[in-house]
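Here is input-v5.txt, consisting of compact mmCIF, C-alpha atoms:
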```txt
# COMPACT_ATOMS: atom_id res chain seq x y z
CA MET A 1 61.41 164.58 75.54
CA SER A 2 58.87 166.57 73.54
CA THR A 3 55.90 164.95 71.88
CA THR A 4 52.96 166.16 69.86
CA THR A 5 49.76 166.14 71.91
CA SER A 6 47.38 168.12 69.75
CA THR A 7 46.59 168.55 66.09
CA THR A 8 49.02 170.75 64.22
CA SER A 9 48.08 172.84 61.23
CA GLY A 10 48.76 171.75 57.69
CA ASP A 11 48.60 168.33 56.07
CA GLY A 12 52.25 167.38 56.28
CA GLY A 13 52.40 167.03 52.50
CA ARG A 14 49.67 164.40 52.52
CA THR A 15 46.12 164.53 51.30
CA GLY A 16 43.53 163.79 53.95
CA ARG A 17 41.57 160.77 52.68
CA GLY A 18 40.81 158.89 55.84
CA SER A 19 38.83 161.15 58.13
CA GLY A 20 35.88 159.67 59.93
CA SER A 21 33.71 162.38 58.40
CA GLN A 22 34.37 160.91 54.98
CA GLY A 23 33.22 157.49 56.15
CA ALA A 24 33.46 154.54 53.83
CA GLY A 25 34.42 156.78 50.94
CA ALA A 26 37.80 157.45 52.52
CA TYR A 27 39.46 154.75 50.45
CA ARG A 28 38.56 151.88 48.19
CA PRO A 29 40.12 148.59 49.30
CA GLY A 30 40.09 147.10 45.82
CA ASP A 31 42.09 150.05 44.53
CA SER A 32 44.73 150.02 47.28
CA ALA A 33 48.20 148.63 46.72
CA ARG A 34 48.71 145.36 48.54
CA GLN A 35 51.32 146.89 50.79
CA PHE A 36 51.75 149.38 53.61
CA ASP A 37 52.55 152.68 51.95
CA PRO A 38 54.29 155.05 54.40
CA SER A 39 52.35 157.95 52.90
CA ASN A 40 48.99 156.67 54.13
CA THR A 41 49.74 154.10 56.87
CA MET A 42 49.76 154.66 60.64
CA LEU A 43 51.00 152.35 63.38
CA LEU A 44 48.68 152.90 66.35
CA VAL A 45 50.12 151.56 69.61
CA ILE A 46 47.45 151.37 72.28
CA ASP A 47 48.22 151.47 76.03
CA PRO A 48 51.87 150.35 76.03
CA VAL A 49 52.15 151.33 79.69
CA ASN A 50 53.53 149.93 82.93
CA ASP A 51 50.20 148.93 84.44
CA PHE A 52 49.79 146.46 81.58
CA LEU A 53 53.35 145.55 80.64
CA SER A 54 55.63 145.83 83.68
CA GLU A 55 56.01 143.66 86.76
CA GLY A 56 54.30 145.49 89.60
CA GLY A 57 51.76 147.10 87.28
CA ALA A 58 48.16 147.11 88.45
CA ALA A 59 47.08 144.67 85.72
CA TRP A 60 50.33 142.69 85.39
CA GLU A 61 49.09 139.57 87.15
CA MET A 62 46.28 139.37 84.59
CA THR A 63 48.24 140.26 81.47
CA LYS A 64 51.62 138.65 82.03
CA GLY A 65 50.60 135.30 80.55
CA THR A 66 49.85 136.59 77.05
CA VAL A 67 52.47 139.35 77.21
CA ASN A 68 55.26 136.89 77.98
CA SER A 69 54.11 134.02 75.77
CA HIS A 70 53.94 136.24 72.67
CA ASP A 71 56.88 138.50 73.58
CA VAL A 72 54.55 141.45 73.16
CA ILE A 73 57.09 144.01 74.36
CA GLY A 74 59.79 142.76 72.00
CA HIS A 75 57.42 142.64 69.04
CA LEU A 76 56.00 146.07 69.81
CA ARG A 77 59.50 147.51 69.86
CA GLN A 78 60.31 145.71 66.60
CA ALA A 79 57.18 147.08 64.88
CA MET A 80 57.77 150.61 66.15
CA ASP A 81 61.42 150.66 65.10
CA ALA A 82 60.58 149.36 61.64
CA ALA A 83 57.76 151.85 61.16
CA ARG A 84 60.03 154.71 62.18
CA SER A 85 62.80 153.61 59.85
CA LYS A 86 60.36 153.41 56.93
CA GLY A 87 58.64 156.73 57.60
CA ILE A 88 55.36 155.35 58.95
CA PRO A 89 53.99 157.56 61.75
CA VAL A 90 53.86 155.88 65.16
CA VAL A 91 50.95 157.19 67.21
CA HIS A 92 50.59 156.42 70.90
CA GLY A 93 47.19 156.00 72.58
CA PRO A 94 47.48 155.77 76.41
CA MET A 95 44.97 156.16 79.25
CA ALA A 96 45.05 158.41 82.33
CA TYR A 97 42.38 158.98 84.96
CA THR A 98 41.95 161.91 87.35
CA GLU A 99 39.71 162.68 90.30
CA GLU A 100 37.30 164.51 88.01
CA ASP A 101 36.75 161.37 85.92
CA TYR A 102 35.44 159.52 88.93
CA ALA A 103 34.06 162.20 91.27
CA ASP A 104 32.34 164.23 88.54
CA GLY A 105 32.16 161.91 85.53
CA ARG A 106 31.26 158.82 87.59
CA LEU A 107 33.10 156.62 85.10
CA GLN A 108 33.29 153.84 87.68
CA CYS A 109 29.53 153.45 87.27
CA ARG A 110 29.61 153.28 83.48
CA CYS A 111 30.54 149.64 82.86
CA GLY A 112 32.50 146.66 84.10
CA ILE A 113 35.90 147.64 82.71
CA ASN A 114 35.68 151.13 84.19
CA ARG A 115 34.72 149.64 87.56
CA LEU A 116 37.69 147.28 87.36
CA MET A 117 40.13 150.07 86.53
CA PHE A 118 38.74 152.20 89.35
CA GLU A 119 38.92 149.50 92.01
CA GLN A 120 42.43 148.40 90.95
CA LYS A 121 43.69 152.02 90.72
CA MET A 122 44.82 151.52 87.15
CA PHE A 123 46.24 154.25 84.90
CA ILE A 124 46.15 156.95 87.58
CA ALA A 125 47.25 160.22 85.98
CA GLY A 126 50.87 161.10 86.74
CA SER A 127 51.65 157.68 88.21
CA TRP A 128 54.32 155.14 87.26
CA GLY A 129 51.56 152.77 86.15
CA ALA A 130 50.16 155.21 83.58
CA ASP A 131 53.62 155.96 82.20
CA PHE A 132 55.01 154.25 79.12
CA HIS A 133 56.99 151.03 79.43
CA PRO A 134 60.65 152.09 79.28
CA ASP A 135 61.25 150.15 76.03
CA LEU A 136 58.20 151.66 74.32
CA ARG A 137 58.37 155.38 75.00
CA PRO A 138 57.44 157.89 72.30
CA GLN A 139 60.24 159.54 70.42
CA GLU A 140 60.69 163.23 69.81
CA GLY A 141 57.90 164.63 67.63
CA GLU A 142 55.65 161.57 67.72
CA VAL A 143 51.95 161.98 68.42
CA VAL A 144 50.74 161.15 71.93
CA LEU A 145 46.97 161.24 71.96
CA LEU A 146 44.76 162.63 74.66
CA PRO A 147 43.78 159.82 77.06
CA HIS A 148 40.85 157.60 76.16
CA LYS A 149 38.50 157.07 79.07
CA GLY A 150 36.85 153.89 77.81
CA THR A 151 37.85 151.27 75.24
CA ASP A 152 37.64 153.33 72.03
CA VAL A 153 40.67 155.41 71.06
CA PHE A 154 38.54 157.22 68.46
CA GLU A 155 37.04 159.07 71.44
CA THR A 156 40.20 161.18 71.57
CA ASP A 157 41.93 163.48 69.10
CA LEU A 158 42.84 160.46 66.94
CA PRO A 159 40.45 161.40 64.09
CA GLU A 160 42.12 164.80 63.77
CA HIS A 161 45.53 163.19 63.33
CA LEU A 162 44.22 160.60 60.89
CA ASP A 163 42.84 163.39 58.74
CA ARG A 164 45.94 165.55 59.06
CA LEU A 165 48.24 162.69 58.07
CA GLY A 166 46.08 161.42 55.22
CA THR A 167 45.87 158.01 56.82
CA THR A 168 43.82 155.29 55.12
CA HIS A 169 45.51 152.19 56.61
CA ILE A 170 45.69 151.71 60.39
CA VAL A 171 47.90 149.01 61.89
CA ILE A 172 46.88 148.27 65.49
CA ALA A 173 49.04 146.84 68.27
CA GLY A 174 49.19 147.05 72.05
CA MET A 175 46.69 146.34 74.83
CA ALA A 176 44.25 144.82 75.33
CA ALA A 177 43.10 142.48 72.57
CA ASN A 178 39.40 142.21 73.38
CA LEU A 179 38.94 145.75 74.69
CA CYS A 180 40.74 148.83 73.42
CA CYS A 181 42.37 147.17 70.41
CA GLU A 182 39.14 145.57 69.27
CA SER A 183 36.89 148.57 69.98
CA THR A 184 39.22 150.91 68.13
CA GLY A 185 39.58 148.52 65.21
CA ARG A 186 35.81 148.15 64.90
CA ARG A 187 35.32 151.91 64.92
CA ALA A 188 38.06 152.37 62.33
CA VAL A 189 36.48 149.84 59.98
CA GLU A 190 33.05 151.46 60.40
CA ASN A 191 34.66 154.77 59.41
CA GLY A 192 36.14 153.38 56.21
CA TYR A 193 39.74 152.61 57.17
CA ASP A 194 41.74 149.54 56.23
CA VAL A 195 42.61 147.83 59.54
CA THR A 196 45.36 145.29 60.27
CA PHE A 197 46.01 143.76 63.69
CA LEU A 198 49.51 142.58 64.68
CA SER A 199 48.76 139.35 66.53
CA ASP A 200 52.12 138.90 68.26
CA ALA A 201 52.28 142.55 69.37
CA ILE A 202 48.93 142.42 71.19
CA GLY A 203 48.22 141.08 74.68
CA ALA A 204 45.13 140.49 76.81
CA GLU A 205 44.11 139.82 80.39
CA ASN A 206 43.99 136.09 79.71
CA MET A 207 44.46 133.59 76.90
CA ILE A 208 40.75 133.06 76.36
CA ALA A 209 40.21 136.77 75.67
CA TYR A 210 43.24 136.80 73.39
CA GLU A 211 42.18 133.77 71.37
CA ALA A 212 38.60 134.99 71.00
CA SER A 213 39.85 138.25 69.56
CA ILE A 214 42.57 136.84 67.30
CA ARG A 215 40.72 133.75 66.07
CA VAL A 216 37.07 134.85 66.03
CA ASN A 217 36.51 138.61 66.03
CA TYR A 218 39.50 140.19 64.29
CA PRO A 219 39.23 138.04 61.14
CA LEU A 220 35.75 139.44 60.51
CA ILE A 221 36.24 143.07 61.48
CA ALA A 222 39.67 143.62 59.88
CA ASN A 223 41.21 143.15 56.47
CA ALA A 224 44.10 141.13 57.84
CA ILE A 225 45.81 139.74 60.90
CA MET A 226 49.57 139.65 60.57
CA LYS A 227 52.63 138.93 62.61
CA VAL A 228 55.12 141.72 63.04
CA ASP A 229 57.68 140.25 60.67
CA GLU A 230 55.03 140.05 57.93
CA PHE A 231 54.05 143.67 58.50
CA ILE A 232 57.68 144.73 58.23
CA ARG A 233 58.22 142.80 54.98
CA ALA A 234 55.12 144.42 53.47
CA ILE A 235 56.08 148.01 54.24
CA GLY A 236 56.60 149.85 50.97
CA ALA A 237 56.69 146.62 48.96
CA ASP A 238 56.34 147.14 45.22
CA SER A 239 52.70 146.68 44.28
CA GLY A 240 53.68 145.99 40.69
CA ASP A 241 51.25 146.40 37.80
CA GLY A 242 48.09 145.66 39.73
CA ILE A 243 48.28 141.86 39.48
CA THR A 244 47.31 140.72 42.96
CA ALA A 245 48.87 137.27 42.99
CA ALA A 246 50.99 134.84 41.00
CA ALA A 247 50.94 131.10 40.42
CA GLY A 248 52.53 129.31 43.36
CA ASP A 249 51.65 131.95 45.94
CA SER A 250 50.16 130.82 49.23
CA VAL A 251 46.72 132.21 50.02
CA LEU A 252 46.02 133.08 53.65
CA GLY A 253 42.70 134.05 55.16
CA SER A 254 42.19 137.10 57.33
CA ASP A 255 42.78 134.76 60.28
CA ARG A 256 46.19 133.76 58.82
CA GLY A 257 44.82 130.27 58.10
CA LYS A 258 46.19 128.82 54.89
CA VAL A 259 43.47 128.50 52.27
CA GLY A 260 45.60 126.96 49.52
CA GLU A 261 47.92 127.71 46.62
CA VAL A 262 47.36 129.93 43.60
CA GLU A 263 47.15 127.76 40.52
CA SER A 264 46.57 130.60 38.06
CA VAL A 265 45.55 134.24 37.89
CA HIS A 266 43.10 135.62 35.32
CA PRO A 267 43.29 139.43 35.19
CA GLU A 268 41.77 139.46 31.71
CA ALA A 269 38.48 137.87 32.85
CA GLU A 270 35.35 140.04 32.98
CA VAL A 271 35.75 139.85 36.76
CA PRO A 272 39.45 139.21 37.52
CA TYR A 273 39.93 136.12 39.67
CA MET A 274 42.49 133.58 40.77
CA THR A 275 42.14 129.82 40.80
CA VAL A 276 43.17 128.46 44.19
CA THR A 277 43.84 124.79 44.82
CA THR A 278 42.67 123.77 48.27
CA GLY A 279 41.64 120.75 50.26
CA ILE A 280 40.17 122.55 53.27
CA LEU A 281 36.90 121.56 54.84
CA GLY A 282 36.50 118.68 52.44
CA ILE A 283 36.18 121.04 49.47
CA GLY A 284 38.95 119.53 47.40
CA GLY A 285 39.78 120.79 43.93
CA ASN A 286 39.67 124.50 43.22
CA VAL A 287 37.96 127.64 44.42
CA TYR A 288 37.74 130.77 42.30
CA VAL A 289 38.58 133.80 44.39
CA PRO A 290 37.87 137.34 43.10
CA CYS A 291 41.10 139.30 42.89
CA GLU A 292 39.48 142.17 44.76
CA ALA A 293 39.41 139.90 47.83
CA VAL A 294 43.21 140.15 48.02
CA VAL A 295 44.06 142.93 50.44
CA LYS A 296 47.72 142.33 51.37
CA ARG A 297 50.74 140.73 49.79
CA VAL A 298 53.89 139.67 51.64
CA GLY A 299 56.49 138.03 49.44
CA GLN A 300 54.79 134.93 48.03
CA GLU A 301 51.86 135.10 50.45
CA VAL A 302 48.60 136.89 49.70
CA PHE A 303 45.94 137.66 52.28
CA ILE A 304 42.25 137.66 51.45
CA ASN A 305 39.77 139.49 53.68
CA LEU A 306 37.84 136.42 54.71
CA PRO A 307 38.63 133.81 57.38
CA LYS A 308 39.80 130.41 56.15
CA LEU A 309 37.01 128.65 58.01
CA VAL A 310 34.26 130.28 55.94
CA VAL A 311 35.88 130.00 52.50
CA GLY A 312 34.07 126.71 51.98
CA LYS A 313 30.73 128.48 52.44
CA MET A 314 31.39 131.05 49.71
CA PRO A 315 29.88 130.74 46.19
CA TRP A 316 33.35 130.34 44.73
CA ASP A 317 32.89 127.00 43.02
CA GLU A 318 33.00 128.68 39.61
CA PRO A 319 34.67 131.82 38.23
CA PRO A 320 32.85 135.09 39.02
CA THR A 321 31.00 136.91 36.28
CA ARG A 322 29.59 140.40 35.89
CA GLU A 323 26.12 138.94 36.30
CA SER A 324 26.97 137.12 39.54
CA GLN A 325 28.70 140.22 40.93
CA ALA A 326 25.70 142.38 40.04
CA GLN A 327 23.39 139.99 41.87
CA LYS A 328 25.55 140.26 44.99
CA MET A 329 25.49 144.06 44.85
CA GLY A 330 21.71 144.21 44.92
CA PRO A 331 19.50 146.86 43.32
CA ALA A 332 20.23 150.54 42.89
CA LEU A 333 18.87 152.64 45.76
CA ALA A 334 16.60 154.61 43.47
CA SER A 335 14.81 151.43 42.45
CA VAL A 336 14.02 150.31 46.02
CA SER A 337 10.63 151.40 47.30
CA MET A 338 10.86 149.76 50.73
CA LEU A 339 14.34 149.23 52.21
CA TYR A 340 13.27 146.49 54.60
CA GLY A 341 10.82 144.73 52.32
CA THR A 342 7.62 145.94 53.98
CA VAL A 343 8.70 149.02 55.96
CA GLN A 344 10.99 152.02 55.75
CA PRO A 345 13.45 153.34 58.38
CA THR A 346 11.92 155.50 61.09
CA ARG A 347 13.28 158.99 60.59
CA HIS A 348 11.74 160.52 63.69
CA ALA A 349 10.55 159.15 66.99
CA PRO A 350 6.81 158.42 66.85
CA GLN A 351 4.60 160.91 68.63
CA LYS A 352 2.80 159.82 71.76
CA PRO A 353 -0.93 159.35 71.18
```

Just give me the structure as structure tokens.
Amino acid sequence: MSTTTSTTSGDGGRTGRGSGSQGAGAYRPGDSARQFDPSNTMLLVIDPVNDFLSEGGAAWEMTKGTVNSHDVIGHLRQAMDAARSKGIPVVHGPMAYTEEDYADGRLQCRCGINRLMFEQKMFIAGSWGADFHPDLRPQEGEVVLLPHKGTDVFETDLPEHLDRLGTTHIVIAGMAANLCCESTGRRAVENGYDVTFLSDAIGAENMIAYEASIRVNYPLIANAIMKVDEFIRAIGADSGDGITAAAGDSVLGSDRGKVGEVESVHPEAEVPYMTVTTGILGIGGNVYVPCEAVVKRVGQEVFINLPKLVVGKMPWDEPPTRESQAQKMGPALASVSMLYGTVQPTRHAPQKP
């Protein structure tokens, strides 16, 4: 089997819009189609290896609970097969450690997770444990990244491949929920990418870590959390004429919690919005959700990039206006004399007296 392990020349027919160097200007969420377009979407599968996913693996006794209860291996295979069939690149991000990492790099002294991996002899380069689970091996021509040595896959050649492929939307699956998946997702968001986590294709060392990631952290650092079947149904879906929702659609938060039902959509308003009927958190009646908050559409479900549990705290008790939106945006930079009210950022370290 041959796989790509370094950046190749050329852009593969795509325009690079998602490089970390471009930062938040890489794409504009409000302008993106509410789908997964194969021309700018990547499925990033993190650490789908034996030490995590196979009986006898160094971490199996920790991970088997979440892996088995969510059928992580089956859902990973389902997501990978669907992505391949639709032309979405599948990129693999494994780990591997050598003597130099520990004897010279002293990674075991860096932090708790590196100490754990060292003591448990996890992901040893060339070993069965560091190899891919037999159901999740890369196919011919797919990108296999250089190994990450911590919890952030951006600390590999991933940015080069994102730029080469013109990726703007990253779909993350694999291991582990609160470590590599979360760290990589956070870094991706900070660099301007649209991030989606596949909740039933992600495992963790225990259920507490899994739930904290899926229920608390992911909904705030990503645009959406989806199940694999929802991701598959959204691949290449027709984004239509720009209308983000329709009457009768279900509205889901970024945590997949149901917010309510779309009563009506108002694209002609000065700030397009949809009226959503909901009874959550004692709100009752309607909330008026800006259409730009809709980031994904799957059939008759639309996802907004806000957790259900905080919708009731939003100023959505009346339709948005240009004036209210302008107030939320704040002043133009040129008009601000002091960024922090009374002080400016420190550009250089102060000199010792």

Distance table requested - range 192-235 of chain A against range 49-71 of chain A, cut-off 10 Å, only C-alpha atoms: one row per qualifying residue with the closest atom pair and its distance in Å to one decimal, ordered by chain and rising residue number, as a tab-separated table.
```
residue	atom	partner	partner_atom	distance
A:Ser199	CA	A:His70	CA	8.6
A:Asp200	CA	A:His70	CA	5.5
A:Ala201	CA	A:His70	CA	7.3
A:Ile202	CA	A:Val67	CA	7.6
A:Gly203	CA	A:Val67	CA	5.2
A:Ala204	CA	A:Thr63	CA	5.6
A:Glu205	CA	A:Thr63	CA	4.3
A:Asn206	CA	A:Thr63	CA	6.2
A:Met207	CA	A:Thr66	CA	6.2
A:Ile208	CA	A:Thr66	CA	9.8
A:Ala209	CA	A:Thr66	CA	9.7
A:Tyr210	CA	A:Thr66	CA	7.6
A:Glu211	CA	A:Thr66	CA	10.0
```

Preceding selection exported with C-alpha atoms as a compact mmCIF listing (two decimals), keeping the file's coordinate frame:
```
# COMPACT_ATOMS: atom_id res chain seq x y z
CA SER A 199 48.76 139.35 66.53
CA ASP A 200 52.12 138.90 68.26
CA ALA A 201 52.28 142.55 69.37
CA ILE A 202 48.93 142.42 71.19
CA GLY A 203 48.22 141.08 74.68
CA ALA A 204 45.13 140.49 76.81
CA GLU A 205 44.11 139.82 80.39
CA ASN A 206 43.99 136.09 79.71
CA MET A 207 44.46 133.59 76.90
CA ILE A 208 40.75 133.06 76.36
CA ALA A 209 40.21 136.77 75.67
CA TYR A 210 43.24 136.80 73.39
CA GLU A 211 42.18 133.77 71.37
```

> Counting all atoms listed in the file, which of A:Gly74, A:Gly253, A:Gly93, A:Gly248 gets nearest to Val311 in chain A?
Replying inline: A:Gly253

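Using all atoms listed in the file for every distance, the candidate list A:Thr196, A:Gln327, A:Thr98, A:Thr156 yields A:Thr196 as the residue closest to Gln35 in chain A.
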
> CA of Ala245 in chain A and CA of Ser85 in chain A are how many Å apart?
Replying inline: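 Those two atoms sit 27.3 Å apart.
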
>> Please list as a ChimeraX atom specification every residue within 10 Å of range 289-299 of chain A, counting all atoms listed in the file and excluding residues in the same chain fewer than 6 positions away.
In response: /A:29-36,194,196,223-224,226,229-235,237-239,242-245,249-254,262,265-267,271-276,305-306,311,314-321,325

>> Please compute the CA of Phe132 in chain A-CA of Arg84 in chain A distance, one decimal, in Å.
In response: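 We find that CA of Phe132 in chain A and CA of Arg84 in chain A lie 17.7 Å from each other.
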
> Just how far from CA of Leu162 in chain A is CA of Gly112 in chain A, in Å to one decimal?
Replying inline: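 So the two atoms, CA of Gly112 in chain A and CA of Leu162 in chain A, lie 29.5 Å apart.
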
>> Considering all atoms listed in the file, can you say which of A:Val45, A:Val90, A:Ile113, A:Val310 comes closest to Ile172 in chain A?
In response: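 Closest to Ile172 in chain A, using all atoms listed in the file: A:Val45.
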
>> At a cut-off of 10 Å, using only C-alpha atoms, what residues contact Val91 in chain A? Leave out same-chain residues fewer than 4 positions from it and give the result as a PyMOL selection string.
In response: chain A and resi 4+42-46+80+138+142-145+158+161-162+172

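In this comparison, which uses only C-alpha atoms, the residue of A:Ser264, A:Thr151, A:Asn286, A:Gln120 approaching Gly312 in chain A most closely is A:Asn286.
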